[in-house]
$ cat final39.cif   # mmCIF, C-alpha atoms and all ligand atoms
data_data
loop_
_atom_site.label_atom_id
_atom_site.label_comp_id
_atom_site.auth_asym_id
_atom_site.auth_seq_id
_atom_site.Cartn_x
_atom_site.Cartn_y
_atom_site.Cartn_z
CA MET X 1 -27.21 -104.42 7.97
CA ARG X 2 -24.04 -105.73 6.29
CA VAL X 3 -23.09 -103.54 3.35
CA LEU X 4 -20.31 -104.08 0.85
CA GLY X 5 -18.82 -100.79 -0.40
CA ILE X 6 -17.06 -100.44 -3.74
CA GLU X 7 -14.93 -97.47 -4.81
CA THR X 8 -13.55 -97.24 -8.37
CA SER X 9 -13.93 -93.56 -9.30
CA CYS X 10 -10.27 -92.84 -10.05
CA ASP X 11 -7.01 -94.71 -9.47
CA GLU X 12 -7.74 -96.71 -6.29
CA THR X 13 -9.79 -99.89 -6.16
CA GLY X 14 -11.37 -99.88 -2.69
CA VAL X 15 -13.63 -102.49 -1.13
CA ALA X 16 -14.94 -102.63 2.45
CA LEU X 17 -17.61 -104.19 4.60
CA PHE X 18 -19.56 -102.01 7.03
CA ASP X 19 -21.96 -103.61 9.49
CA SER X 20 -24.46 -101.19 11.06
CA ASP X 21 -24.21 -103.18 14.33
CA ARG X 22 -20.47 -103.87 14.45
CA GLY X 23 -19.02 -100.95 12.48
CA LEU X 24 -16.26 -101.37 9.91
CA VAL X 25 -15.49 -105.09 9.65
CA ALA X 26 -12.98 -105.28 6.79
CA ASP X 27 -11.44 -103.08 4.15
CA ALA X 28 -8.97 -103.55 1.32
CA LEU X 29 -7.36 -101.22 -1.16
CA TYR X 30 -5.38 -101.63 -4.33
CA SER X 31 -3.64 -98.46 -5.49
CA GLN X 32 -2.79 -97.97 -9.18
CA VAL X 33 -0.56 -95.01 -8.40
CA ALA X 34 2.66 -96.75 -9.49
CA MET X 35 1.10 -97.71 -12.83
CA HIS X 36 0.10 -94.12 -13.66
CA ALA X 37 3.31 -92.53 -12.31
CA ASP X 38 5.15 -93.06 -15.63
CA TYR X 39 2.54 -90.88 -17.36
CA GLY X 40 2.52 -88.07 -14.78
CA GLY X 41 -1.20 -88.50 -14.15
CA VAL X 42 -4.09 -90.95 -14.29
CA VAL X 43 -4.65 -92.57 -17.71
CA PRO X 44 -8.42 -93.26 -17.75
CA GLU X 45 -8.40 -96.37 -19.96
CA LEU X 46 -5.61 -98.00 -17.95
CA ALA X 47 -7.51 -97.18 -14.76
CA SER X 48 -10.72 -98.89 -15.98
CA ARG X 49 -8.84 -102.00 -17.09
CA ASP X 50 -6.99 -102.30 -13.82
CA HIS X 51 -10.19 -101.92 -11.77
CA THR X 52 -11.60 -104.81 -13.82
CA ARG X 53 -8.57 -106.93 -12.91
CA ARG X 54 -8.51 -106.06 -9.20
CA LEU X 55 -12.11 -105.71 -8.11
CA LEU X 56 -13.37 -109.31 -7.83
CA PRO X 57 -10.29 -110.59 -5.96
CA LEU X 58 -10.55 -107.61 -3.56
CA ILE X 59 -14.23 -108.36 -2.90
CA GLN X 60 -13.31 -111.97 -2.13
CA GLN X 61 -10.50 -110.80 0.16
CA VAL X 62 -12.88 -108.55 2.13
CA LEU X 63 -15.50 -111.30 2.47
CA ASP X 64 -12.81 -113.74 3.67
CA GLU X 65 -11.48 -111.19 6.17
CA ALA X 66 -15.02 -110.60 7.45
CA GLY X 67 -15.69 -114.36 7.56
CA LEU X 68 -18.81 -113.90 5.46
CA ALA X 69 -20.24 -115.65 2.42
CA ARG X 70 -21.77 -113.56 -0.35
CA HIS X 71 -25.31 -114.56 0.53
CA GLN X 72 -24.81 -113.03 4.01
CA LEU X 73 -24.60 -109.52 2.52
CA ASP X 74 -27.65 -107.29 2.98
CA GLY X 75 -26.78 -104.56 0.50
CA ILE X 76 -24.14 -103.17 -1.83
CA ALA X 77 -23.02 -99.55 -2.26
CA TYR X 78 -20.78 -98.23 -5.01
CA THR X 79 -19.37 -94.86 -6.03
CA ALA X 80 -21.65 -93.59 -8.81
CA GLY X 81 -19.71 -90.33 -9.34
CA PRO X 82 -18.13 -87.93 -9.79
CA GLY X 83 -15.12 -89.57 -11.42
CA LEU X 84 -13.76 -91.17 -14.58
CA VAL X 85 -16.73 -92.68 -16.39
CA GLY X 86 -15.06 -95.94 -17.44
CA ALA X 87 -13.66 -96.48 -13.95
CA LEU X 88 -17.04 -95.74 -12.36
CA MET X 89 -18.74 -98.23 -14.69
CA VAL X 90 -16.55 -101.08 -13.46
CA GLY X 91 -17.76 -100.57 -9.89
CA ALA X 92 -21.34 -99.82 -10.87
CA SER X 93 -21.78 -102.86 -13.10
CA THR X 94 -20.10 -105.19 -10.63
CA ALA X 95 -22.30 -103.89 -7.80
CA HIS X 96 -25.47 -104.22 -9.84
CA GLY X 97 -24.54 -107.67 -11.14
CA MET X 98 -23.82 -108.98 -7.65
CA ALA X 99 -26.92 -107.39 -6.14
CA ARG X 100 -29.12 -108.85 -8.88
CA ALA X 101 -27.66 -112.32 -8.38
CA LEU X 102 -28.03 -112.11 -4.58
CA GLY X 103 -31.44 -110.44 -4.62
CA ILE X 104 -30.32 -107.56 -2.37
CA PRO X 105 -30.61 -103.76 -2.71
CA VAL X 106 -27.84 -101.73 -4.34
CA LEU X 107 -27.17 -98.00 -4.21
CA GLY X 108 -24.89 -95.61 -6.10
CA VAL X 109 -23.45 -92.97 -3.74
CA HIS X 110 -21.69 -89.64 -4.21
CA HIS X 111 -17.93 -89.91 -3.86
CA MET X 112 -17.67 -86.58 -2.00
CA GLU X 113 -20.34 -87.62 0.50
CA GLY X 114 -18.03 -90.53 1.22
CA HIS X 115 -15.10 -88.18 1.96
CA LEU X 116 -17.43 -85.88 3.93
CA LEU X 117 -18.54 -88.65 6.29
CA ALA X 118 -15.27 -90.64 6.46
CA PRO X 119 -14.52 -89.25 9.97
CA MET X 120 -17.69 -91.07 11.13
CA LEU X 121 -15.64 -94.29 10.96
CA GLU X 122 -13.35 -93.10 13.79
CA ASP X 123 -13.71 -93.98 17.48
CA GLU X 124 -14.81 -90.46 18.38
CA PRO X 125 -16.90 -89.33 15.42
CA PRO X 126 -18.09 -85.72 15.21
CA ALA X 127 -21.70 -85.03 16.14
CA PHE X 128 -23.90 -83.08 13.72
CA PRO X 129 -23.88 -80.21 12.89
CA PHE X 130 -20.36 -79.40 11.69
CA VAL X 131 -18.42 -77.49 9.06
CA ALA X 132 -16.52 -79.68 6.61
CA LEU X 133 -13.51 -78.73 4.54
CA LEU X 134 -13.28 -81.14 1.62
CA VAL X 135 -9.88 -80.96 -0.03
CA SER X 136 -9.08 -83.56 -2.67
CA GLY X 137 -7.55 -83.75 -6.13
CA GLY X 138 -10.86 -82.82 -7.74
CA HIS X 139 -12.62 -80.66 -5.12
CA THR X 140 -12.09 -77.88 -2.63
CA GLN X 141 -15.31 -77.15 -0.78
CA LEU X 142 -16.60 -75.83 2.52
CA VAL X 143 -19.88 -77.45 3.51
CA GLU X 144 -22.25 -76.94 6.43
CA VAL X 145 -23.41 -80.41 7.46
CA ARG X 146 -26.62 -80.64 9.51
CA GLY X 147 -27.20 -84.39 9.12
CA LEU X 148 -27.10 -87.19 6.57
CA GLY X 149 -27.98 -85.58 3.23
CA ARG X 150 -28.47 -82.15 4.82
CA TYR X 151 -25.61 -80.24 3.24
CA ARG X 152 -25.21 -76.56 2.38
CA LEU X 153 -22.34 -75.53 0.15
CA LEU X 154 -20.66 -72.51 1.77
CA GLY X 155 -17.91 -72.05 -0.79
CA GLU X 156 -15.78 -73.87 -3.34
CA SER X 157 -12.90 -73.44 -5.74
CA VAL X 158 -13.68 -71.40 -8.81
CA ASP X 159 -10.83 -73.10 -10.70
CA ASP X 160 -8.24 -75.72 -9.60
CA ALA X 161 -8.76 -77.88 -6.53
CA ALA X 162 -6.13 -77.67 -3.76
CA GLY X 163 -4.87 -81.20 -4.49
CA GLU X 164 -4.68 -80.44 -8.20
CA ALA X 165 -2.58 -77.37 -7.40
CA PHE X 166 -0.24 -79.55 -5.30
CA ASP X 167 0.03 -82.01 -8.19
CA LYS X 168 0.82 -79.29 -10.72
CA ALA X 169 3.37 -77.60 -8.45
CA ALA X 170 5.00 -81.02 -7.97
CA LYS X 171 5.31 -81.48 -11.71
CA MET X 172 7.01 -78.09 -12.07
CA LEU X 173 9.43 -79.06 -9.31
CA GLY X 174 10.19 -82.33 -11.09
CA LEU X 175 8.43 -84.47 -8.44
CA ASP X 176 6.37 -87.62 -9.00
CA TYR X 177 2.59 -87.95 -9.22
CA PRO X 178 0.53 -87.64 -7.04
CA GLY X 179 2.51 -84.63 -5.96
CA GLY X 180 0.98 -83.58 -2.63
CA PRO X 181 3.04 -85.81 -0.34
CA HIS X 182 6.25 -85.12 -2.34
CA VAL X 183 5.80 -81.34 -2.19
CA ALA X 184 5.11 -81.62 1.55
CA ARG X 185 8.29 -83.66 2.09
CA LEU X 186 10.44 -81.25 0.05
CA ALA X 187 8.90 -78.26 1.87
CA GLU X 188 10.16 -79.62 5.21
CA THR X 189 13.70 -78.44 4.39
CA GLY X 190 12.51 -75.18 2.79
CA ASP X 191 12.98 -71.71 4.24
CA PRO X 192 9.53 -70.15 4.82
CA LYS X 193 10.96 -66.62 4.67
CA ARG X 194 12.69 -66.72 1.29
CA PHE X 195 9.56 -66.39 -0.89
CA ARG X 196 6.06 -65.24 -0.13
CA PHE X 197 3.28 -66.41 -2.45
CA PRO X 198 -0.17 -64.76 -2.49
CA ARG X 199 -3.17 -66.05 -0.47
CA PRO X 200 -5.75 -65.95 -3.27
CA MET X 201 -9.21 -64.49 -2.57
CA THR X 202 -8.52 -63.80 1.10
CA ASP X 203 -8.50 -60.02 0.60
CA ARG X 204 -12.27 -59.93 0.09
CA PRO X 205 -15.17 -61.49 1.97
CA GLY X 206 -16.52 -64.88 0.96
CA LEU X 207 -15.72 -68.56 1.21
CA ASP X 208 -14.72 -69.39 -2.36
CA PHE X 209 -11.20 -70.46 -3.32
CA SER X 210 -8.96 -70.02 -6.35
CA PHE X 211 -5.70 -71.92 -6.72
CA SER X 212 -4.79 -71.52 -10.40
CA GLY X 213 -2.92 -68.23 -9.81
CA LEU X 214 -0.58 -69.95 -7.36
CA LYS X 215 0.39 -72.33 -10.14
CA THR X 216 1.52 -69.41 -12.31
CA HIS X 217 3.31 -67.88 -9.35
CA THR X 218 5.19 -71.13 -8.74
CA LEU X 219 6.18 -71.43 -12.38
CA THR X 220 7.43 -67.83 -12.48
CA ALA X 221 9.50 -68.34 -9.33
CA ILE X 222 11.07 -71.50 -10.77
CA ARG X 223 11.82 -69.84 -14.13
CA GLU X 224 13.46 -66.83 -12.47
CA LEU X 225 15.65 -69.07 -10.34
CA GLU X 226 16.56 -71.12 -13.38
CA ALA X 227 17.43 -68.03 -15.47
CA ALA X 228 19.70 -66.79 -12.68
CA GLY X 229 21.34 -70.22 -12.45
CA ASN X 230 20.11 -70.58 -8.87
CA LEU X 231 17.67 -73.49 -9.10
CA ASP X 232 19.49 -75.80 -6.70
CA ASP X 233 17.95 -78.27 -4.23
CA GLN X 234 17.60 -75.63 -1.52
CA ALA X 235 15.81 -73.26 -3.91
CA ARG X 236 13.37 -76.00 -4.95
CA ALA X 237 12.67 -76.73 -1.29
CA ASP X 238 12.13 -73.02 -0.61
CA VAL X 239 9.62 -72.79 -3.48
CA ALA X 240 7.81 -75.91 -2.24
CA ARG X 241 7.66 -74.38 1.24
CA ALA X 242 6.28 -71.04 -0.04
CA PHE X 243 3.68 -72.88 -2.12
CA GLU X 244 2.57 -75.11 0.75
CA GLU X 245 2.43 -72.17 3.17
CA ALA X 246 0.22 -70.25 0.73
CA VAL X 247 -2.23 -73.12 0.19
CA VAL X 248 -2.40 -74.02 3.88
CA ASP X 249 -2.76 -70.41 5.00
CA THR X 250 -5.57 -69.83 2.49
CA LEU X 251 -7.42 -72.95 3.63
CA VAL X 252 -7.03 -71.98 7.30
CA ILE X 253 -8.30 -68.42 6.72
CA LYS X 254 -11.41 -69.73 4.95
CA CYS X 255 -12.07 -72.36 7.63
CA ARG X 256 -11.89 -69.66 10.30
CA ARG X 257 -14.41 -67.60 8.32
CA ALA X 258 -16.73 -70.58 7.86
CA LEU X 259 -16.70 -71.31 11.61
CA ASP X 260 -17.42 -67.64 12.31
CA ALA X 261 -20.22 -67.47 9.73
CA THR X 262 -21.99 -70.60 11.00
CA GLY X 263 -21.16 -70.28 14.70
CA LEU X 264 -20.27 -73.98 14.72
CA LYS X 265 -17.51 -75.49 16.89
CA ARG X 266 -16.75 -78.67 14.97
CA LEU X 267 -14.62 -78.79 11.83
CA VAL X 268 -14.27 -81.92 9.74
CA VAL X 269 -11.33 -82.03 7.33
CA ALA X 270 -11.36 -84.77 4.70
CA GLY X 271 -10.10 -85.68 1.22
CA GLY X 272 -6.53 -86.40 0.11
CA VAL X 273 -5.05 -83.03 1.11
CA SER X 274 -6.30 -83.52 4.70
CA ALA X 275 -3.31 -85.86 5.08
CA ASN X 276 -1.08 -82.76 4.94
CA VAL X 277 0.69 -82.42 8.30
CA ARG X 278 1.21 -78.66 8.18
CA LEU X 279 -2.48 -78.11 7.38
CA ARG X 280 -3.42 -80.25 10.38
CA GLU X 281 -1.05 -78.42 12.72
CA ARG X 282 -2.38 -75.03 11.66
CA LEU X 283 -6.04 -76.06 11.92
CA GLU X 284 -5.39 -77.65 15.30
CA ARG X 285 -3.98 -74.36 16.60
CA GLU X 286 -6.89 -72.45 15.09
CA THR X 287 -9.62 -74.66 16.57
CA ASP X 288 -7.85 -74.79 19.98
CA LYS X 289 -7.80 -71.00 20.08
CA ARG X 290 -11.57 -70.75 19.67
CA GLY X 291 -12.62 -73.73 21.81
CA ALA X 292 -13.53 -75.69 18.72
CA ARG X 293 -12.37 -79.12 17.60
CA ALA X 294 -11.06 -80.56 14.33
CA TYR X 295 -11.88 -84.08 13.18
CA TYR X 296 -10.03 -86.09 10.54
CA PRO X 297 -10.34 -89.54 9.03
CA ARG X 298 -7.44 -91.87 9.87
CA GLY X 299 -4.58 -91.59 7.35
CA ARG X 300 -5.64 -94.27 4.91
CA PHE X 301 -9.25 -93.01 4.83
CA CYS X 302 -8.15 -89.48 3.86
CA THR X 303 -7.58 -90.61 0.30
CA ASP X 304 -9.98 -92.74 -1.75
CA ASN X 305 -11.19 -95.93 -0.09
CA GLY X 306 -14.09 -98.38 0.02
CA ALA X 307 -14.85 -97.89 3.72
CA MET X 308 -16.35 -94.42 3.31
CA ILE X 309 -18.57 -95.70 0.50
CA ALA X 310 -19.73 -98.70 2.55
CA TYR X 311 -20.51 -96.34 5.45
CA VAL X 312 -22.57 -93.85 3.40
CA GLY X 313 -24.27 -96.73 1.57
CA ALA X 314 -25.27 -98.38 4.85
CA GLN X 315 -26.80 -95.14 6.19
CA ARG X 316 -28.78 -94.53 3.02
CA LEU X 317 -29.81 -98.15 2.41
CA LEU X 318 -31.02 -98.28 6.04
CA ALA X 319 -33.11 -95.19 5.28
CA GLY X 320 -34.77 -97.18 2.46
CA GLU X 321 -32.94 -95.73 -0.54
CA HIS X 322 -31.80 -97.95 -3.42
CA ASP X 323 -31.24 -97.90 -7.19
CA GLU X 324 -33.98 -99.16 -9.46
CA THR X 325 -33.37 -102.76 -10.54
CA GLY X 326 -30.96 -102.89 -13.45
CA ILE X 327 -30.43 -99.11 -13.61
CA MET X 328 -26.78 -98.59 -12.73
CA LYS X 329 -25.46 -95.07 -12.30
CA ALA X 330 -22.12 -93.72 -13.53
CA VAL X 331 -22.14 -89.92 -13.36
CA PRO X 332 -18.77 -88.32 -14.28
CA ARG X 333 -19.90 -84.83 -13.21
CA TRP X 334 -22.23 -84.74 -10.25
CA PRO X 335 -22.70 -81.44 -8.38
O1 LIG X 401 -9.16 -87.66 -2.13
P1 LIG X 401 -8.07 -88.11 -3.04
O2 LIG X 401 -7.34 -89.38 -2.74
O3 LIG X 401 -8.59 -88.30 -4.49
C1 LIG X 401 -9.54 -87.47 -5.07
O4 LIG X 401 -10.76 -87.73 -4.89
O5 LIG X 401 -9.09 -86.50 -5.71
O6 LIG X 401 -7.03 -86.89 -3.11
C2 LIG X 401 -5.85 -86.97 -3.84
C3 LIG X 401 -5.13 -85.63 -3.76
C4 LIG X 401 -3.95 -85.52 -4.71
O7 LIG X 401 -4.05 -84.29 -5.41
C5 LIG X 401 -2.74 -85.52 -3.78
O8 LIG X 401 -1.64 -84.81 -4.28
C6 LIG X 401 -3.31 -84.87 -2.53
O9 LIG X 401 -4.62 -85.40 -2.44
N1 LIG X 401 -2.52 -85.20 -1.32
C7 LIG X 401 -1.84 -84.29 -0.59
C8 LIG X 401 -1.19 -85.00 0.46
N2 LIG X 401 -1.52 -86.32 0.34
C9 LIG X 401 -2.33 -86.43 -0.76
N3 LIG X 401 -1.71 -82.96 -0.74
C10 LIG X 401 -0.94 -82.30 0.15
N4 LIG X 401 -0.27 -82.91 1.17
C11 LIG X 401 -0.37 -84.24 1.36
N5 LIG X 401 0.29 -84.82 2.38
ZN ZN X 402 -11.59 -88.77 -3.52
#
$ encode --input "final39.cif" --output "structure tokens"
Amino acid sequence: MRVLGIETSCDETGVALFDSDRGLVADALYSQVAMHADYGGVVPELASRDHTRRLLPLIQQVLDEAGLARHQLDGIAYTAGPGLVGALMVGASTAHGMARALGIPVLGVHHMEGHLLAPMLEDEPPAFPFVALLVSGGHTQLVEVRGLGRYRLLGESVDDAAGEAFDKAAKMLGLDYPGGPHVARLAETGDPKRFRFPRPMTDRPGLDFSFSGLKTHTLTAIRELEAAGNLDDQARADVARAFEEAVVDTLVIKCRRALDATGLKRLVVAGGVSANVRLRERLERETDKRGARAYYPRGRFCTDNGAMIAYVGAQRLLAGEHDETGIMKAVPRWP
């Protein structure tokens, strides 16, 4: 089955073609990051308009790369949520319009299921069951995954997502959006011993997270340095390092607990923050120690992309699922 996947939930237009016999055949991405950078965050209306501009040319590019004509598609999958409603509607309406014209099934899929199963696109995909740590700009979740659609939420953030915390810390440090990679780069030259930030919610049992307190902690540290006239480049790097250490350490502690609680030996780490090198190093050490193994999507499939949507769509369309004719889905909040 040849499935076109469309991702437009936020600020990346992603399109890919997944063939259930041949695997991932083509994928293309247009990032709007530069456009939103001037505003310090994603401007929803600008995002929708840009998806409208980019989507059809990207679809054509993917079909050309795959050497396929439209009528050779067997199905279309799109991100139906969660995300920005206007942005979602661009992908949903395009997918439904194309599917109607071609007389093929179409399916709206959950964006986080895409992130969850993105490592399945790698050469050595994890076998079921596994524990997944989903860490993106909108979500921080630990999930027990038994099979396609068989998910149990073990814990999640009660306030900010880990990526959101990175973005907010970046803003306070005067870094560009999206902040995660910038904070990580600045932290490289930081002294890990100068400041110690708290590891929220690790002093009690449970698998939930909270990252909003770290934000306040970061702001206080910056203000104190500023008041003392000590906010130089080294101090900013030291704050970035303390912040990153705190987030990474918290994530690692909770992953360890989730592996203990489930007795599982495979850990999938996905979503934008899974690109963080220090997080990967720490998790690698942790899984090695206990004879477990960590799995990640390749770099460009850590953040939003069409490939993960095409993959999930293909699995679910193959299982016989599809949207009702003419009923497109755009669900901004989808548990
Ligand atoms: O999964 P994603 O592309 O979009 C959402 O669905 O949210 O994740 C984007 C998030 C942003 O908050 C960004 O700052 C964060 O992932 N991120 C990182 C790194 N690369 C991206 N955070 C920490 N370290 C990184 N290297
Ligand atoms: Zn995402």
$ residues_around --input "final39.cif" --residues "Tyr177 in chain X" --least-positions-apart "6" --cutoff "10 Å" --atoms "only C-alpha atoms" --output "mmCIF file with C-alpha atoms, in the frame of the given file"
data_model
loop_
_atom_site.group_PDB
_atom_site.id
_atom_site.type_symbol
_atom_site.label_atom_id
_atom_site.label_comp_id
_atom_site.auth_asym_id
_atom_site.auth_seq_id
_atom_site.Cartn_x
_atom_site.Cartn_y
_atom_site.Cartn_z
ATOM 1 C CA VAL X 33 -0.560 -95.010 -8.400
ATOM 2 C CA ALA X 34 2.660 -96.750 -9.490
ATOM 3 C CA HIS X 36 0.100 -94.120 -13.660
ATOM 4 C CA ALA X 37 3.310 -92.530 -12.310
ATOM 5 C CA ASP X 38 5.150 -93.060 -15.630
ATOM 6 C CA TYR X 39 2.540 -90.880 -17.360
ATOM 7 C CA GLY X 40 2.520 -88.070 -14.780
ATOM 8 C CA GLY X 41 -1.200 -88.500 -14.150
ATOM 9 C CA VAL X 42 -4.090 -90.950 -14.290
ATOM 10 C CA PHE X 166 -0.240 -79.550 -5.300
ATOM 11 C CA ASP X 167 0.030 -82.010 -8.190
ATOM 12 C CA LYS X 168 0.820 -79.290 -10.720
ATOM 13 C CA ALA X 170 5.000 -81.020 -7.970
ATOM 14 C CA LYS X 171 5.310 -81.480 -11.710
#
$ residues_around --input "final39.cif" --residues "range 304-306 of chain X" --least-positions-apart "2" --cutoff "9 Å" --atoms "all atoms listed in the file" --output "number ranges by chain"
X: 4-17, 27-29, 78-79, 111, 114-115, 271-272, 300-302, 308-311
$ closest_residue --input "final39.cif" --among "X:Leu107, X:Ala162, X:Leu63, X:Leu102" --to "ligand LIG 401 (chain X)" --atoms "all atoms listed in the file"
X:Ala162
$ residues_near_ligand --input "final39.cif" --ligand "ligand LIG 401 (chain X)" --cutoff "7 Å" --atoms "only C-alpha atoms and all ligand atoms" --output "count of residues only"
23
$ closest_residue --input "final39.cif" --among "X:Gly86, X:Pro198, X:Gly75, X:Gly320" --to "Pro105 in chain X" --atoms "all atoms listed in the file"
X:Gly75
$ closest_residue --input "final39.cif" --among "X:Leu134, X:Ala330, X:Ala261, X:Val248" --to "ligand ZN 402 (chain X)" --atoms "all atoms listed in the file"
X:Leu134
$ atom_distance --input "final39.cif" --atom1 "CA of Phe243 in chain X" --atom2 "CA of Pro205 in chain X"
22.4 Å
$ closest_residue --input "final39.cif" --among "X:Leu207, X:Leu68, X:Ala118, X:Val85" --to "ligand ZN 402 (chain X)" --atoms "only C-alpha atoms and all ligand atoms"
X:Ala118
$ closest_residue --input "final39.cif" --among "X:Arg204, X:Arg53, X:His110, X:Lys193" --to "ligand ZN 402 (chain X)" --atoms "all atoms listed in the file"
X:His110
$ closest_residue --input "final39.cif" --among "X:Val247, X:Ile222, X:Leu46, X:Leu186" --to "Asp160 in chain X" --atoms "only C-alpha atoms"
X:Val247
$ atom_distance --input "final39.cif" --atom1 "CA of His51 in chain X" --atom2 "CA of Ala101 in chain X"
20.6 Å
$ atom_distance --input "final39.cif" --atom1 "CA of Ala246 in chain X" --atom2 "CA of Leu225 in chain X"
19.0 Å
$ residues_around --input "final39.cif" --residues "range 284-290 of chain X" --least-positions-apart "4" --cutoff "10 Å" --atoms "all atoms listed in the file" --output "list in words"
Val252, Ile253, Cys255, Arg256, Leu259, Asp260, Lys265, Arg266, Leu267, Arg278, Leu279, Arg280, Ala294 and Tyr295 of chain X
$ write_last_selection --input "final39.cif" --atoms "C-alpha atoms" --output "mmCIF file, in the coordinates of the input"
data_model
loop_
_atom_site.group_PDB
_atom_site.id
_atom_site.type_symbol
_atom_site.label_atom_id
_atom_site.label_comp_id
_atom_site.auth_asym_id
_atom_site.auth_seq_id
_atom_site.Cartn_x
_atom_site.Cartn_y
_atom_site.Cartn_z
ATOM 1 C CA VAL X 252 -7.030 -71.980 7.300
ATOM 2 C CA ILE X 253 -8.300 -68.420 6.720
ATOM 3 C CA CYS X 255 -12.070 -72.360 7.630
ATOM 4 C CA ARG X 256 -11.890 -69.660 10.300
ATOM 5 C CA LEU X 259 -16.700 -71.310 11.610
ATOM 6 C CA ASP X 260 -17.420 -67.640 12.310
ATOM 7 C CA LYS X 265 -17.510 -75.490 16.890
ATOM 8 C CA ARG X 266 -16.750 -78.670 14.970
ATOM 9 C CA LEU X 267 -14.620 -78.790 11.830
ATOM 10 C CA ARG X 278 1.210 -78.660 8.180
ATOM 11 C CA LEU X 279 -2.480 -78.110 7.380
ATOM 12 C CA ARG X 280 -3.420 -80.250 10.380
ATOM 13 C CA ALA X 294 -11.060 -80.560 14.330
ATOM 14 C CA TYR X 295 -11.880 -84.080 13.180
#
$ residues_near_point --input "final39.cif" --point "(5.7, -72.7, 0.4)" --cutoff "8 Å" --atoms "only C-alpha atoms" --output "list in words"
Ala187, Gly190, Pro192, Phe195, Arg196, Phe197, Asp238, Val239, Ala240, Arg241, Ala242, Phe243, Glu244, Glu245, Ala246 and Val247 of chain X
$ write_last_selection --input "final39.cif" --atoms "C-alpha atoms" --output "mmCIF file, in the frame of the given file"
data_model
loop_
_atom_site.group_PDB
_atom_site.id
_atom_site.type_symbol
_atom_site.label_atom_id
_atom_site.label_comp_id
_atom_site.auth_asym_id
_atom_site.auth_seq_id
_atom_site.Cartn_x
_atom_site.Cartn_y
_atom_site.Cartn_z
ATOM 1 C CA ALA X 187 8.900 -78.260 1.870
ATOM 2 C CA GLY X 190 12.510 -75.180 2.790
ATOM 3 C CA PRO X 192 9.530 -70.150 4.820
ATOM 4 C CA PHE X 195 9.560 -66.390 -0.890
ATOM 5 C CA ARG X 196 6.060 -65.240 -0.130
ATOM 6 C CA PHE X 197 3.280 -66.410 -2.450
ATOM 7 C CA ASP X 238 12.130 -73.020 -0.610
ATOM 8 C CA VAL X 239 9.620 -72.790 -3.480
ATOM 9 C CA ALA X 240 7.810 -75.910 -2.240
ATOM 10 C CA ARG X 241 7.660 -74.380 1.240
ATOM 11 C CA ALA X 242 6.280 -71.040 -0.040
ATOM 12 C CA PHE X 243 3.680 -72.880 -2.120
ATOM 13 C CA GLU X 244 2.570 -75.110 0.750
ATOM 14 C CA GLU X 245 2.430 -72.170 3.170
ATOM 15 C CA ALA X 246 0.220 -70.250 0.730
ATOM 16 C CA VAL X 247 -2.230 -73.120 0.190
#
$ axis_aligned_box --input "final39.cif" --around "range 158-163 of chain X" --padding-each-side "6 Å" --output "AutoDock Vina command-line options"
--center_x -9.3 --center_y -76.3 --center_z -7.2 --size_x 20.8 --size_y 21.8 --size_z 18.9
$ decode --input "final39.cif" --residues "range 126-147 of chain X" --atoms "C-alpha atoms" --output "tab-separated table (two decimals), in the first residue's frame"
chain	number	residue	atom	x	y	z
X	126	PRO	CA	12.21	-1.63	18.26
X	127	ALA	CA	9.99	-4.66	18.74
X	128	PHE	CA	6.82	-4.32	20.83
X	129	PRO	CA	6.41	-3.92	23.77
X	130	PHE	CA	8.44	-0.86	24.79
X	131	VAL	CA	8.38	2.21	26.99
X	132	ALA	CA	8.28	5.50	25.08
X	133	LEU	CA	9.38	8.90	26.31
X	134	LEU	CA	7.67	11.53	24.18
X	135	VAL	CA	9.31	14.91	24.61
X	136	SER	CA	8.21	17.68	22.29
X	137	GLY	CA	7.25	21.35	22.45
X	138	GLY	CA	3.69	20.46	23.42
X	139	HIS	CA	4.01	17.13	25.27
X	140	THR	CA	6.06	15.28	27.84
X	141	GLN	CA	4.71	11.77	28.30
X	142	LEU	CA	5.80	8.28	29.28
X	143	VAL	CA	3.79	5.62	27.48
X	144	GLU	CA	3.77	1.83	27.65
X	145	VAL	CA	3.40	0.62	24.06
X	146	ARG	CA	2.15	-2.95	23.56
X	147	GLY	CA	1.34	-2.68	19.84
